[in-house]
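model.cif, holding mmCIF, C-alpha atoms:
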data_data
loop_
_atom_site.label_atom_id
_atom_site.label_comp_id
_atom_site.auth_asym_id
_atom_site.auth_seq_id
_atom_site.Cartn_x
_atom_site.Cartn_y
_atom_site.Cartn_z
CA MET A 1 12.20 31.19 -24.72
CA THR A 2 12.35 27.83 -23.02
CA ARG A 3 15.12 25.33 -22.74
CA VAL A 4 14.38 21.68 -23.42
CA LEU A 5 15.78 18.84 -21.30
CA PRO A 6 16.16 15.21 -22.36
CA VAL A 7 14.68 12.47 -20.18
CA LYS A 8 16.73 9.42 -19.26
CA PRO A 9 15.57 6.08 -17.87
CA LEU A 10 16.08 5.93 -14.11
CA THR A 11 18.89 3.59 -13.10
CA ALA A 12 20.72 3.24 -9.80
CA GLN A 13 24.05 3.89 -11.48
CA ALA A 14 23.00 7.04 -13.33
CA PHE A 15 21.18 8.42 -10.28
CA GLN A 16 23.94 7.65 -7.77
CA PRO A 17 25.39 11.19 -7.46
CA TRP A 18 22.02 12.54 -6.27
CA GLY A 19 20.44 9.60 -4.51
CA ASP A 20 19.38 5.96 -4.45
CA VAL A 21 17.05 3.87 -6.57
CA ILE A 22 15.31 1.26 -4.43
CA GLU A 23 14.40 -1.79 -6.51
CA PRO A 24 15.18 -5.48 -6.66
CA GLY A 25 18.34 -6.17 -8.59
CA GLY A 26 20.91 -8.93 -8.52
CA ALA A 27 20.81 -11.48 -5.73
CA PRO A 28 19.01 -10.50 -2.52
CA ASP A 29 21.24 -9.78 0.45
CA ARG A 30 19.29 -12.24 2.58
CA ILE A 31 16.67 -14.93 2.07
CA ILE A 32 14.03 -14.90 4.82
CA ASN A 33 10.64 -16.44 5.64
CA ASP A 34 11.58 -20.04 4.94
CA GLY A 35 12.96 -19.22 1.49
CA ARG A 36 9.89 -17.36 0.30
CA CYS A 37 11.21 -13.78 0.48
CA GLY A 38 14.36 -11.97 -0.62
CA ARG A 39 15.55 -8.98 1.38
CA PHE A 40 17.49 -6.27 -0.48
CA HIS A 41 18.96 -4.72 2.62
CA ASP A 42 19.49 -1.10 3.62
CA ARG A 43 19.46 0.39 0.14
CA ALA A 44 19.11 4.12 0.83
CA ARG A 45 21.49 6.72 2.19
CA LEU A 46 19.12 8.17 4.76
CA ASP A 47 20.17 11.26 6.71
CA PHE A 48 17.85 13.06 9.09
CA GLY A 49 20.47 15.13 10.92
CA ASP A 50 19.19 16.14 14.34
CA GLY A 51 15.63 15.18 13.39
CA ARG A 52 13.97 11.78 13.11
CA ALA A 53 12.55 9.63 10.33
CA GLY A 54 8.85 9.97 9.56
CA ILE A 55 6.48 8.28 7.15
CA SER A 56 4.01 10.48 5.30
CA LEU A 57 1.88 10.04 2.19
CA PHE A 58 1.82 12.41 -0.78
CA ASP A 59 -1.19 12.45 -3.10
CA ALA A 60 -0.17 14.42 -6.19
CA GLU A 61 -1.88 15.46 -9.41
CA GLU A 62 -0.77 13.79 -12.62
CA ARG A 63 1.44 15.97 -14.82
CA ARG A 64 1.40 15.92 -18.61
CA LEU A 65 3.89 16.79 -21.32
CA PRO A 66 5.07 19.25 -22.40
CA LEU A 67 5.98 20.03 -18.80
CA ASP A 68 7.59 23.25 -17.67
CA ILE A 69 9.93 23.10 -14.71
CA PRO A 70 9.92 26.58 -13.20
CA LEU A 71 11.71 25.69 -9.98
CA VAL A 72 13.64 23.18 -7.95
CA GLU A 73 13.85 22.85 -4.19
CA ARG A 74 16.17 21.28 -1.66
CA HIS A 75 16.01 20.12 1.93
CA PRO A 76 19.16 21.19 3.78
CA LEU A 77 18.32 19.19 6.89
CA GLY A 78 17.46 15.74 5.54
CA SER A 79 17.03 13.19 2.79
CA GLN A 80 13.65 12.43 1.22
CA ALA A 81 12.47 9.10 -0.25
CA PHE A 82 9.45 8.44 -2.49
CA MET A 83 7.76 5.04 -2.81
CA PRO A 84 5.03 4.66 -5.48
CA VAL A 85 2.09 2.84 -3.85
CA SER A 86 -0.53 3.52 -6.54
CA GLY A 87 1.49 2.26 -9.50
CA ALA A 88 2.41 5.74 -10.76
CA ARG A 89 5.67 6.44 -12.52
CA MET A 90 7.41 9.74 -11.86
CA LEU A 91 9.75 12.20 -13.46
CA VAL A 92 12.68 12.71 -11.11
CA VAL A 93 14.45 16.04 -11.60
CA VAL A 94 17.78 16.64 -9.85
CA ALA A 95 20.52 19.24 -10.25
CA ASP A 96 24.02 19.84 -8.99
CA ASP A 97 24.72 22.96 -6.97
CA GLU A 98 27.22 25.70 -7.74
CA GLY A 99 27.50 28.56 -5.31
CA GLY A 100 24.05 28.00 -3.87
CA LYS A 101 22.29 27.77 -7.24
CA PRO A 102 21.24 24.73 -9.27
CA LEU A 103 23.02 23.93 -12.53
CA THR A 104 21.23 22.37 -15.53
CA PRO A 105 18.72 19.78 -14.26
CA ASN A 106 18.89 16.08 -15.03
CA VAL A 107 15.55 14.39 -15.66
CA PHE A 108 14.82 10.68 -15.15
CA LEU A 109 11.68 8.62 -15.75
CA SER A 110 11.09 5.91 -13.15
CA ALA A 111 9.96 2.43 -14.15
CA PRO A 112 6.90 0.97 -12.42
CA GLY A 113 7.78 0.02 -8.85
CA GLN A 114 11.02 2.00 -8.62
CA SER A 115 11.41 4.13 -5.51
CA VAL A 116 13.96 6.89 -5.06
CA ASN A 117 15.77 8.46 -2.14
CA ILE A 118 17.09 11.97 -2.73
CA LEU A 119 20.14 12.87 -0.69
CA ARG A 120 20.11 15.66 1.87
CA GLY A 121 20.72 19.03 0.22
CA VAL A 122 20.25 17.92 -3.41
CA TRP A 123 18.26 20.28 -5.66
CA HIS A 124 15.19 18.42 -7.00
CA GLY A 125 11.88 19.00 -8.69
CA VAL A 126 8.50 18.63 -7.05
CA LEU A 127 6.77 15.25 -7.09
CA THR A 128 5.70 14.60 -10.69
CA PRO A 129 3.52 11.54 -11.35
CA VAL A 130 3.06 10.73 -15.04
CA GLY A 131 1.03 8.22 -17.00
CA THR A 132 -1.72 7.71 -14.44
CA GLY A 133 -4.59 8.28 -16.84
CA GLY A 134 -5.91 11.28 -14.96
CA ALA A 135 -5.72 9.80 -11.47
CA THR A 136 -3.52 11.23 -8.76
CA GLY A 137 -0.28 9.45 -7.92
CA GLN A 138 0.21 8.34 -4.34
CA PHE A 139 3.66 8.00 -2.82
CA VAL A 140 4.77 7.06 0.65
CA VAL A 141 7.48 9.51 1.70
CA VAL A 142 10.22 8.94 4.26
CA ASP A 143 11.75 12.23 5.31
CA ARG A 144 12.91 14.24 8.28
CA ILE A 145 10.54 15.29 11.04
CA GLY A 146 12.00 18.03 13.20
CA GLU A 147 12.46 21.70 13.89
CA GLY A 148 14.16 24.20 11.60
CA ASP A 149 13.68 25.49 8.05
CA ASN A 150 14.11 22.46 5.80
CA LEU A 151 13.00 24.00 2.49
CA GLU A 152 14.87 26.15 -0.02
CA GLU A 153 13.41 26.96 -3.42
CA HIS A 154 15.08 28.25 -6.57
CA PHE A 155 13.08 29.71 -9.43
CA PHE A 156 14.85 29.61 -12.79
CA ASP A 157 15.25 32.83 -14.82
CA LEU A 158 14.21 30.84 -17.89
CA PRO A 159 12.02 27.77 -17.33
CA TRP A 160 13.22 24.34 -18.32
CA ARG A 161 10.89 22.14 -20.32
CA VAL A 162 10.39 18.40 -20.85
CA GLU A 163 8.72 17.55 -24.14
CA VAL A 164 9.20 13.86 -24.71
CA LEU A 165 10.04 10.73 -22.72
CA PRO A 166 12.64 8.08 -23.53
CA GLY A 167 11.83 6.25 -26.76
CA GLY A 168 9.67 9.11 -27.97
CA VAL A 169 6.84 8.13 -25.62
CA ILE A 170 4.38 10.81 -24.58
CA LEU A 171 2.40 9.58 -21.59
CA MET B 172 -6.83 -30.32 13.48
CA THR B 173 -6.59 -26.74 12.36
CA ARG B 174 -8.23 -23.61 13.61
CA VAL B 175 -9.77 -21.21 11.13
CA LEU B 176 -9.44 -17.43 11.40
CA PRO B 177 -11.74 -14.83 9.82
CA VAL B 178 -10.22 -12.09 7.66
CA LYS B 179 -11.25 -8.48 8.17
CA PRO B 180 -10.75 -5.51 5.85
CA LEU B 181 -7.75 -3.44 6.93
CA THR B 182 -8.74 -0.10 8.43
CA ALA B 183 -6.70 2.36 10.45
CA GLN B 184 -9.16 2.18 13.32
CA ALA B 185 -9.29 -1.61 13.56
CA PHE B 186 -5.51 -1.92 13.22
CA GLN B 187 -4.64 0.83 15.70
CA PRO B 188 -3.69 -1.40 18.67
CA TRP B 189 -0.94 -3.11 16.63
CA GLY B 190 0.17 -0.43 14.19
CA ASP B 191 -0.64 2.20 11.60
CA VAL B 192 -2.32 2.11 8.21
CA ILE B 193 -0.72 4.64 5.86
CA GLU B 194 -3.21 5.82 3.26
CA PRO B 195 -4.90 9.03 2.18
CA GLY B 196 -7.98 9.76 4.23
CA GLY B 197 -9.82 12.92 5.12
CA ALA B 198 -8.25 16.28 4.35
CA PRO B 199 -4.48 16.36 3.88
CA ASP B 200 -2.50 17.95 6.70
CA ARG B 201 -0.78 20.29 4.24
CA ILE B 202 -1.15 21.33 0.63
CA ILE B 203 2.20 21.70 -1.12
CA ASN B 204 3.65 22.17 -4.60
CA ASP B 205 1.46 25.10 -5.62
CA GLY B 206 -1.73 23.28 -4.69
CA ARG B 207 -0.97 20.17 -6.68
CA CYS B 208 -0.09 17.78 -3.83
CA GLY B 209 -1.60 16.87 -0.48
CA ARG B 210 0.70 15.79 2.34
CA PHE B 211 -0.69 13.38 4.93
CA HIS B 212 1.95 14.08 7.51
CA ASP B 213 3.85 11.77 9.87
CA ARG B 214 1.37 8.91 9.90
CA ALA B 215 3.38 6.10 11.48
CA ARG B 216 4.56 5.41 15.03
CA LEU B 217 8.15 4.63 14.12
CA ASP B 218 10.50 3.41 16.85
CA PHE B 219 14.03 2.27 16.14
CA GLY B 220 15.32 2.33 19.71
CA ASP B 221 19.10 2.70 19.72
CA GLY B 222 19.29 1.81 16.02
CA ARG B 223 18.51 3.88 12.95
CA ALA B 224 15.90 3.84 10.18
CA GLY B 225 16.75 1.94 7.02
CA ILE B 226 14.96 1.35 3.73
CA SER B 227 15.05 -2.15 2.29
CA LEU B 228 13.02 -3.99 -0.34
CA PHE B 229 11.29 -7.33 0.18
CA ASP B 230 10.43 -9.47 -2.83
CA ALA B 231 8.05 -12.18 -1.61
CA GLU B 232 6.26 -15.12 -3.20
CA GLU B 233 2.52 -14.91 -3.62
CA ARG B 234 0.52 -16.95 -1.11
CA ARG B 235 -2.76 -18.70 -1.87
CA LEU B 236 -5.73 -19.84 0.18
CA PRO B 237 -6.24 -21.94 2.15
CA LEU B 238 -3.22 -20.56 3.97
CA ASP B 239 -1.74 -22.11 7.09
CA ILE B 240 -0.11 -19.79 9.59
CA PRO B 241 2.38 -21.92 11.50
CA LEU B 242 4.18 -19.06 13.23
CA VAL B 243 4.36 -15.41 14.09
CA GLU B 244 7.40 -13.31 14.82
CA ARG B 245 8.18 -10.04 16.56
CA HIS B 246 10.95 -7.47 16.55
CA PRO B 247 11.73 -6.39 20.11
CA LEU B 248 14.04 -3.59 19.03
CA GLY B 249 12.03 -1.71 16.42
CA SER B 250 8.94 -1.06 14.31
CA GLN B 251 8.60 -2.34 10.75
CA ALA B 252 6.63 -0.74 7.90
CA PHE B 253 5.60 -2.30 4.57
CA MET B 254 4.80 -0.26 1.44
CA PRO B 255 3.38 -2.14 -1.59
CA VAL B 256 5.25 -0.90 -4.68
CA SER B 257 4.16 -3.61 -7.11
CA GLY B 258 0.42 -3.28 -6.52
CA ALA B 259 0.18 -6.36 -4.32
CA ARG B 260 -2.31 -6.67 -1.51
CA MET B 261 -1.28 -8.45 1.66
CA LEU B 262 -2.68 -10.41 4.55
CA VAL B 263 -1.58 -8.72 7.75
CA VAL B 264 -1.53 -11.04 10.76
CA VAL B 265 -1.06 -9.58 14.24
CA ALA B 266 -1.54 -10.93 17.75
CA ASP B 267 -1.55 -9.62 21.29
CA ASP B 268 0.98 -10.98 23.73
CA GLU B 269 0.33 -12.73 27.00
CA GLY B 270 3.28 -13.81 29.07
CA GLY B 271 5.63 -13.83 26.11
CA LYS B 272 3.30 -15.84 23.85
CA PRO B 273 0.90 -14.69 21.14
CA LEU B 274 -2.84 -14.96 21.67
CA THR B 275 -5.29 -15.71 18.84
CA PRO B 276 -4.15 -13.89 15.70
CA ASN B 277 -6.13 -11.17 13.95
CA VAL B 278 -6.00 -11.24 10.16
CA PHE B 279 -6.57 -8.24 7.89
CA LEU B 280 -6.61 -7.92 4.09
CA SER B 281 -5.07 -4.69 2.79
CA ALA B 282 -6.70 -2.72 0.01
CA PRO B 283 -4.56 -1.77 -3.01
CA GLY B 284 -2.14 0.99 -2.03
CA GLN B 285 -2.47 0.60 1.73
CA SER B 286 0.79 0.48 3.65
CA VAL B 287 1.17 -0.70 7.24
CA ASN B 288 3.54 0.02 10.08
CA ILE B 289 3.75 -2.66 12.76
CA LEU B 290 4.68 -1.39 16.21
CA ARG B 291 7.84 -2.47 17.99
CA GLY B 292 7.35 -5.77 19.78
CA VAL B 293 4.03 -6.74 18.16
CA TRP B 294 3.62 -10.38 17.13
CA HIS B 295 2.96 -10.56 13.37
CA GLY B 296 2.95 -12.97 10.48
CA VAL B 297 5.52 -13.05 7.70
CA LEU B 298 4.96 -10.91 4.60
CA THR B 299 2.03 -12.44 2.71
CA PRO B 300 1.23 -11.01 -0.74
CA VAL B 301 -2.06 -12.24 -2.20
CA GLY B 302 -3.84 -11.81 -5.51
CA THR B 303 -0.78 -11.13 -7.63
CA GLY B 304 -1.59 -13.71 -10.30
CA GLY B 305 1.54 -15.71 -9.67
CA ALA B 306 3.99 -12.81 -9.55
CA THR B 307 6.00 -11.94 -6.48
CA GLY B 308 4.90 -8.97 -4.38
CA GLN B 309 7.43 -6.23 -3.80
CA PHE B 310 7.33 -4.08 -0.69
CA VAL B 311 9.59 -1.30 0.47
CA VAL B 312 10.31 -1.86 4.15
CA VAL B 313 11.31 0.75 6.72
CA ASP B 314 12.77 -0.91 9.78
CA ARG B 315 15.58 -0.76 12.29
CA ILE B 316 19.20 -1.12 11.27
CA GLY B 317 21.46 -1.84 14.22
CA GLU B 318 23.14 -4.35 16.46
CA GLY B 319 21.37 -6.87 18.66
CA ASP B 320 18.95 -9.74 18.19
CA ASN B 321 15.81 -8.21 16.73
CA LEU B 322 13.89 -11.38 15.86
CA GLU B 323 11.76 -13.67 18.02
CA GLU B 324 9.65 -16.44 16.52
CA HIS B 325 6.74 -18.39 17.97
CA PHE B 326 5.52 -21.62 16.40
CA PHE B 327 1.92 -22.51 17.24
CA ASP B 328 1.13 -25.93 18.72
CA LEU B 329 -1.81 -26.12 16.33
CA PRO B 330 -1.56 -24.13 13.11
CA TRP B 331 -4.03 -21.39 12.34
CA ARG B 332 -5.64 -21.33 8.92
CA VAL B 333 -7.19 -18.71 6.63
CA GLU B 334 -9.68 -20.14 4.16
CA VAL B 335 -11.61 -17.23 2.73
CA LEU B 336 -11.27 -13.46 2.37
CA PRO B 337 -13.87 -10.79 3.22
CA GLY B 338 -16.96 -11.10 1.05
CA GLY B 339 -16.21 -14.72 0.28
CA VAL B 340 -13.46 -13.78 -2.16
CA ILE B 341 -10.74 -16.31 -2.83
CA LEU B 342 -7.84 -14.57 -4.56
#
Please render this file's structure as structure tokens.
Amino acid sequence: MTRVLPVKPLTAQAFQPWGDVIEPGGAPDRIINDGRCGRFHDRARLDFGDGRAGISLFDAEERRLPLDIPLVERHPLGSQAFMPVSGARMLVVVADDEGGKPLTPNVFLSAPGQSVNILRGVWHGVLTPVGTGGATGQFVVVDRIGEGDNLEEHFFDLPWRVEVLPGGVIL
Amino acid sequence: MTRVLPVKPLTAQAFQPWGDVIEPGGAPDRIINDGRCGRFHDRARLDFGDGRAGISLFDAEERRLPLDIPLVERHPLGSQAFMPVSGARMLVVVADDEGGKPLTPNVFLSAPGQSVNILRGVWHGVLTPVGTGGATGQFVVVDRIGEGDNLEEHFFDLPWRVEVLPGGVIL
């Protein structure tokens, strides 16, 4: 038996309890470079605790539907942000915590160019590029560099499944 | 009178004196997510001094050739990284310092998906997306958030100019 989850479009408002969506929207906070560039300033709730910020690159296999979600993970010591630099979209899976275990996951599909920052300690799925036509998806990642065990995993008793994207699209 | 600069392809090795190129290359440092994702770990020399890391988004007009470079700037208090999230390539202009003034600039053209981190205090040009077909180029930026004056500009007595890209390409 599997349990099917709906997929919602990724918006800053809907995603706010679990993290930030980094995208242009509304008026820029500042205009720089002689009027040629808008700066949307300081748009992520970064938290690296006693560690420091680092920039890494993740190169991840494309995933296809139907997609089983057997586990989620969380990083107790820091936030983690994902920036799509190869044009890939991603499924972003997040879940609230109750007593150290994740509740029912929420699944979002990013639009092209949307980046996300997942707050420290939030249960989330692994990086899931979709719609890349067989290529890997490459994402620049900003997360905590430091000592300590920064990974917890939770395997579900029954897997969750995603079968269809918003609008009935199957990438 | 203008002075013309050659444009070189952006490589990690060539760019090393002024910053980091963030891209997949060689074997990943770690394999994660049940073998489905390679992590190229901690690839940028970030430095935010007494400030903190922030994530912003820059939305910049496309630039076309021939391109005049009237000025460079530098950030004495922190590094600044640019991740292309709309597929744009960029011209990356950097210059060594001598006595508080920039020497002859070096100009690089990024490949699709390449991100750069410019070291603290390095003279560099403003964000310059090219080849976007008239669209703006969107870049996630990781730089210093904090107090203090973090911007110095230098206007050249004679402008520098870029006329042609590597291989004779004019985007």
Checklist entry - Within 10 Å of B:Val301, counting all atoms listed in the file, which residues qualify if same-chain residues fewer than 2 places away don't, as a ChimeraX atom specification? => result /B:232-236,259-262,280-281,298-299,303-308,341-342
File of the preceding selection, C-alpha atoms, as a compact mmCIF listing (two decimals), in the frame of the given file:
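This is the output file again-v2.txt:
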# COMPACT_ATOMS: atom_id res chain seq x y z
CA GLU B 232 6.26 -15.12 -3.20
CA GLU B 233 2.52 -14.91 -3.62
CA ARG B 234 0.52 -16.95 -1.11
CA ARG B 235 -2.76 -18.70 -1.87
CA LEU B 236 -5.73 -19.84 0.18
CA ALA B 259 0.18 -6.36 -4.32
CA ARG B 260 -2.31 -6.67 -1.51
CA MET B 261 -1.28 -8.45 1.66
CA LEU B 262 -2.68 -10.41 4.55
CA LEU B 280 -6.61 -7.92 4.09
CA SER B 281 -5.07 -4.69 2.79
CA LEU B 298 4.96 -10.91 4.60
CA THR B 299 2.03 -12.44 2.71
CA THR B 303 -0.78 -11.13 -7.63
CA GLY B 304 -1.59 -13.71 -10.30
CA GLY B 305 1.54 -15.71 -9.67
CA ALA B 306 3.99 -12.81 -9.55
CA THR B 307 6.00 -11.94 -6.48
CA GLY B 308 4.90 -8.97 -4.38
CA ILE B 341 -10.74 -16.31 -2.83
CA LEU B 342 -7.84 -14.57 -4.56
Next on the checklist: With the PyMOL selection byres ((chain B) within 7 of (chain A)) as the selection, what would be picked from this file? Answer as a list in words, please.
Outcome noted: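 That selection, the PyMOL selection byres ((chain B) within 7 of (chain A)), comes back as Glu194, Pro195, Asn204, Arg207, Cys208, Gly209, Arg210, Phe211, His212, Asp213, Arg214, Ala215, Ala224, Gly225, Ile226, Ser227, Leu228, Phe229, Asp230, Ala231, Glu232, Met254, Pro255, Val256, Ser257, Gly258, Gly284 and Val297 of chain B.
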Checklist outcome for this item: In Å and to one decimal, atom CA of B:Gln184 is distant from atom CA of B:Leu329 by 29.4 Å
Where does chain A end up after superposition onto chain B over all in-order Cα pairs? Give it as a compact mmCIF listing (two decimals) with C-alpha atoms, in the coordinates of the input.
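Ended up saving to result.txt:
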# COMPACT_ATOMS: atom_id res chain seq x y z
CA MET A 1 -6.83 -30.31 13.49
CA THR A 2 -6.57 -26.72 12.35
CA ARG A 3 -8.21 -23.61 13.62
CA VAL A 4 -9.77 -21.22 11.13
CA LEU A 5 -9.44 -17.43 11.40
CA PRO A 6 -11.73 -14.85 9.82
CA VAL A 7 -10.23 -12.10 7.66
CA LYS A 8 -11.25 -8.48 8.16
CA PRO A 9 -10.76 -5.51 5.85
CA LEU A 10 -7.76 -3.44 6.92
CA THR A 11 -8.73 -0.10 8.43
CA ALA A 12 -6.69 2.36 10.46
CA GLN A 13 -9.16 2.18 13.33
CA ALA A 14 -9.29 -1.61 13.56
CA PHE A 15 -5.51 -1.92 13.21
CA GLN A 16 -4.64 0.83 15.70
CA PRO A 17 -3.70 -1.41 18.67
CA TRP A 18 -0.96 -3.10 16.62
CA GLY A 19 0.15 -0.42 14.21
CA ASP A 20 -0.65 2.20 11.59
CA VAL A 21 -2.32 2.11 8.20
CA ILE A 22 -0.72 4.65 5.87
CA GLU A 23 -3.21 5.84 3.26
CA PRO A 24 -4.89 9.03 2.17
CA GLY A 25 -7.97 9.77 4.21
CA GLY A 26 -9.82 12.93 5.14
CA ALA A 27 -8.24 16.28 4.37
CA PRO A 28 -4.47 16.38 3.88
CA ASP A 29 -2.49 17.95 6.70
CA ARG A 30 -0.77 20.29 4.26
CA ILE A 31 -1.15 21.34 0.64
CA ILE A 32 2.22 21.70 -1.11
CA ASN A 33 3.67 22.18 -4.61
CA ASP A 34 1.48 25.10 -5.62
CA GLY A 35 -1.73 23.28 -4.69
CA ARG A 36 -0.97 20.16 -6.68
CA CYS A 37 -0.09 17.79 -3.83
CA GLY A 38 -1.59 16.87 -0.46
CA ARG A 39 0.71 15.79 2.34
CA PHE A 40 -0.70 13.37 4.94
CA HIS A 41 1.96 14.07 7.52
CA ASP A 42 3.86 11.78 9.87
CA ARG A 43 1.38 8.92 9.89
CA ALA A 44 3.38 6.09 11.48
CA ARG A 45 4.55 5.43 15.01
CA LEU A 46 8.15 4.65 14.13
CA ASP A 47 10.49 3.41 16.85
CA PHE A 48 14.03 2.27 16.14
CA GLY A 49 15.33 2.35 19.72
CA ASP A 50 19.11 2.70 19.73
CA GLY A 51 19.29 1.81 16.03
CA ARG A 52 18.51 3.88 12.95
CA ALA A 53 15.90 3.83 10.19
CA GLY A 54 16.74 1.93 7.02
CA ILE A 55 14.97 1.36 3.73
CA SER A 56 15.05 -2.14 2.29
CA LEU A 57 13.01 -3.98 -0.34
CA PHE A 58 11.28 -7.32 0.17
CA ASP A 59 10.42 -9.48 -2.84
CA ALA A 60 8.04 -12.18 -1.61
CA GLU A 61 6.26 -15.13 -3.20
CA GLU A 62 2.51 -14.90 -3.63
CA ARG A 63 0.53 -16.95 -1.11
CA ARG A 64 -2.74 -18.71 -1.87
CA LEU A 65 -5.71 -19.84 0.18
CA PRO A 66 -6.24 -21.94 2.15
CA LEU A 67 -3.21 -20.57 3.98
CA ASP A 68 -1.74 -22.11 7.09
CA ILE A 69 -0.11 -19.80 9.59
CA PRO A 70 2.38 -21.92 11.50
CA LEU A 71 4.19 -19.07 13.23
CA VAL A 72 4.36 -15.41 14.09
CA GLU A 73 7.41 -13.30 14.82
CA ARG A 74 8.19 -10.04 16.56
CA HIS A 75 10.95 -7.47 16.54
CA PRO A 76 11.73 -6.39 20.11
CA LEU A 77 14.05 -3.59 19.02
CA GLY A 78 12.03 -1.71 16.41
CA SER A 79 8.94 -1.07 14.32
CA GLN A 80 8.59 -2.35 10.76
CA ALA A 81 6.63 -0.74 7.90
CA PHE A 82 5.60 -2.29 4.56
CA MET A 83 4.79 -0.25 1.44
CA PRO A 84 3.38 -2.13 -1.59
CA VAL A 85 5.26 -0.89 -4.67
CA SER A 86 4.15 -3.61 -7.12
CA GLY A 87 0.42 -3.28 -6.52
CA ALA A 88 0.17 -6.39 -4.33
CA ARG A 89 -2.32 -6.67 -1.51
CA MET A 90 -1.28 -8.45 1.66
CA LEU A 91 -2.69 -10.40 4.54
CA VAL A 92 -1.58 -8.71 7.74
CA VAL A 93 -1.53 -11.04 10.75
CA VAL A 94 -1.06 -9.57 14.23
CA ALA A 95 -1.54 -10.94 17.74
CA ASP A 96 -1.56 -9.63 21.28
CA ASP A 97 0.99 -10.98 23.73
CA GLU A 98 0.33 -12.72 27.03
CA GLY A 99 3.30 -13.80 29.07
CA GLY A 100 5.64 -13.85 26.10
CA LYS A 101 3.31 -15.85 23.84
CA PRO A 102 0.91 -14.69 21.13
CA LEU A 103 -2.84 -14.97 21.68
CA THR A 104 -5.29 -15.72 18.84
CA PRO A 105 -4.14 -13.88 15.69
CA ASN A 106 -6.13 -11.17 13.95
CA VAL A 107 -6.01 -11.24 10.16
CA PHE A 108 -6.56 -8.23 7.88
CA LEU A 109 -6.61 -7.91 4.09
CA SER A 110 -5.07 -4.68 2.79
CA ALA A 111 -6.70 -2.71 -0.01
CA PRO A 112 -4.56 -1.75 -3.01
CA GLY A 113 -2.14 1.00 -2.03
CA GLN A 114 -2.47 0.60 1.74
CA SER A 115 0.79 0.47 3.66
CA VAL A 116 1.17 -0.69 7.24
CA ASN A 117 3.55 0.02 10.09
CA ILE A 118 3.74 -2.66 12.77
CA LEU A 119 4.67 -1.39 16.20
CA ARG A 120 7.84 -2.46 17.97
CA GLY A 121 7.34 -5.77 19.77
CA VAL A 122 4.01 -6.74 18.16
CA TRP A 123 3.62 -10.40 17.14
CA HIS A 124 2.97 -10.56 13.37
CA GLY A 125 2.95 -12.96 10.47
CA VAL A 126 5.50 -13.05 7.69
CA LEU A 127 4.96 -10.91 4.60
CA THR A 128 2.03 -12.44 2.70
CA PRO A 129 1.23 -11.01 -0.75
CA VAL A 130 -2.06 -12.24 -2.22
CA GLY A 131 -3.84 -11.82 -5.51
CA THR A 132 -0.78 -11.14 -7.65
CA GLY A 133 -1.59 -13.71 -10.30
CA GLY A 134 1.55 -15.72 -9.68
CA ALA A 135 3.99 -12.81 -9.56
CA THR A 136 5.99 -11.94 -6.48
CA GLY A 137 4.90 -8.99 -4.37
CA GLN A 138 7.42 -6.24 -3.80
CA PHE A 139 7.33 -4.07 -0.70
CA VAL A 140 9.58 -1.29 0.46
CA VAL A 141 10.31 -1.86 4.15
CA VAL A 142 11.30 0.74 6.72
CA ASP A 143 12.76 -0.92 9.79
CA ARG A 144 15.58 -0.76 12.29
CA ILE A 145 19.20 -1.12 11.26
CA GLY A 146 21.45 -1.84 14.21
CA GLU A 147 23.13 -4.34 16.46
CA GLY A 148 21.37 -6.87 18.68
CA ASP A 149 18.93 -9.75 18.21
CA ASN A 150 15.80 -8.20 16.73
CA LEU A 151 13.88 -11.39 15.88
CA GLU A 152 11.75 -13.68 18.03
CA GLU A 153 9.64 -16.44 16.52
CA HIS A 154 6.74 -18.40 17.98
CA PHE A 155 5.52 -21.61 16.41
CA PHE A 156 1.93 -22.51 17.26
CA ASP A 157 1.13 -25.94 18.74
CA LEU A 158 -1.81 -26.12 16.33
CA PRO A 159 -1.56 -24.11 13.10
CA TRP A 160 -4.03 -21.38 12.34
CA ARG A 161 -5.64 -21.33 8.92
CA VAL A 162 -7.18 -18.70 6.63
CA GLU A 163 -9.69 -20.13 4.17
CA VAL A 164 -11.62 -17.23 2.74
CA LEU A 165 -11.29 -13.46 2.37
CA PRO A 166 -13.86 -10.80 3.21
CA GLY A 167 -16.97 -11.11 1.04
CA GLY A 168 -16.23 -14.74 0.30
CA VAL A 169 -13.48 -13.81 -2.16
CA ILE A 170 -10.75 -16.34 -2.82
CA LEU A 171 -7.85 -14.61 -4.55
Checklist outcome for this item: Here atom CA of B:Ala266 and atom CA of B:His325 stand apart by 11.1 Å
Next on the checklist: If I take atom CA of B:Gly338 and atom CA of B:Pro177, how far is one from the other in Å, to one decimal?
Outcome noted: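 Going from atom CA of B:Gly338 over to atom CA of B:Pro177 covers 10.9 Å.
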Checklist entry - Can you tell me, as a list in words, which residues sit within 8 Å of (14.0, 19.4, 15.1) in the file's frame, using only C-alpha atoms? => result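 The requested residues, written out, are Asp50, Gly51, Arg52, Ile145, Gly146, Glu147 and Gly148 of chain A.
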If I wrap all listed atoms of stretch 264-279 of chain B in a box with edges along x, y and z and add 5 Å on each side, what are its centre and edge lengths in Å to one decimal, as JSON?
{"center_x": -0.5, "center_y": -12.0, "center_z": 18.5, "size_x": 22.2, "size_y": 17.6, "size_z": 31.2}
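Of the residues listed (B:Phe279, B:Trp294, B:Phe253, B:Phe186), B:Phe279 shows the shortest atom-to-atom separation from B:Val333; distances use only C-alpha atoms.
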Next on the checklist: Please expand the PyMOL selection byres ((chain B and resi 291) around 6) into the concrete residues it hits in this file, giving the result as number ranges by chain.
Outcome noted: B: 247, 249-250, 290, 292-293
Next on the checklist: Residues near stretch 1-4 of chain A, anyone? I mean within 9 Å using only C-alpha atoms, not counting same-chain ones fewer than 3 positions away, as a VMD selection string.
Outcome noted: chain A and resid 68 158 to 163
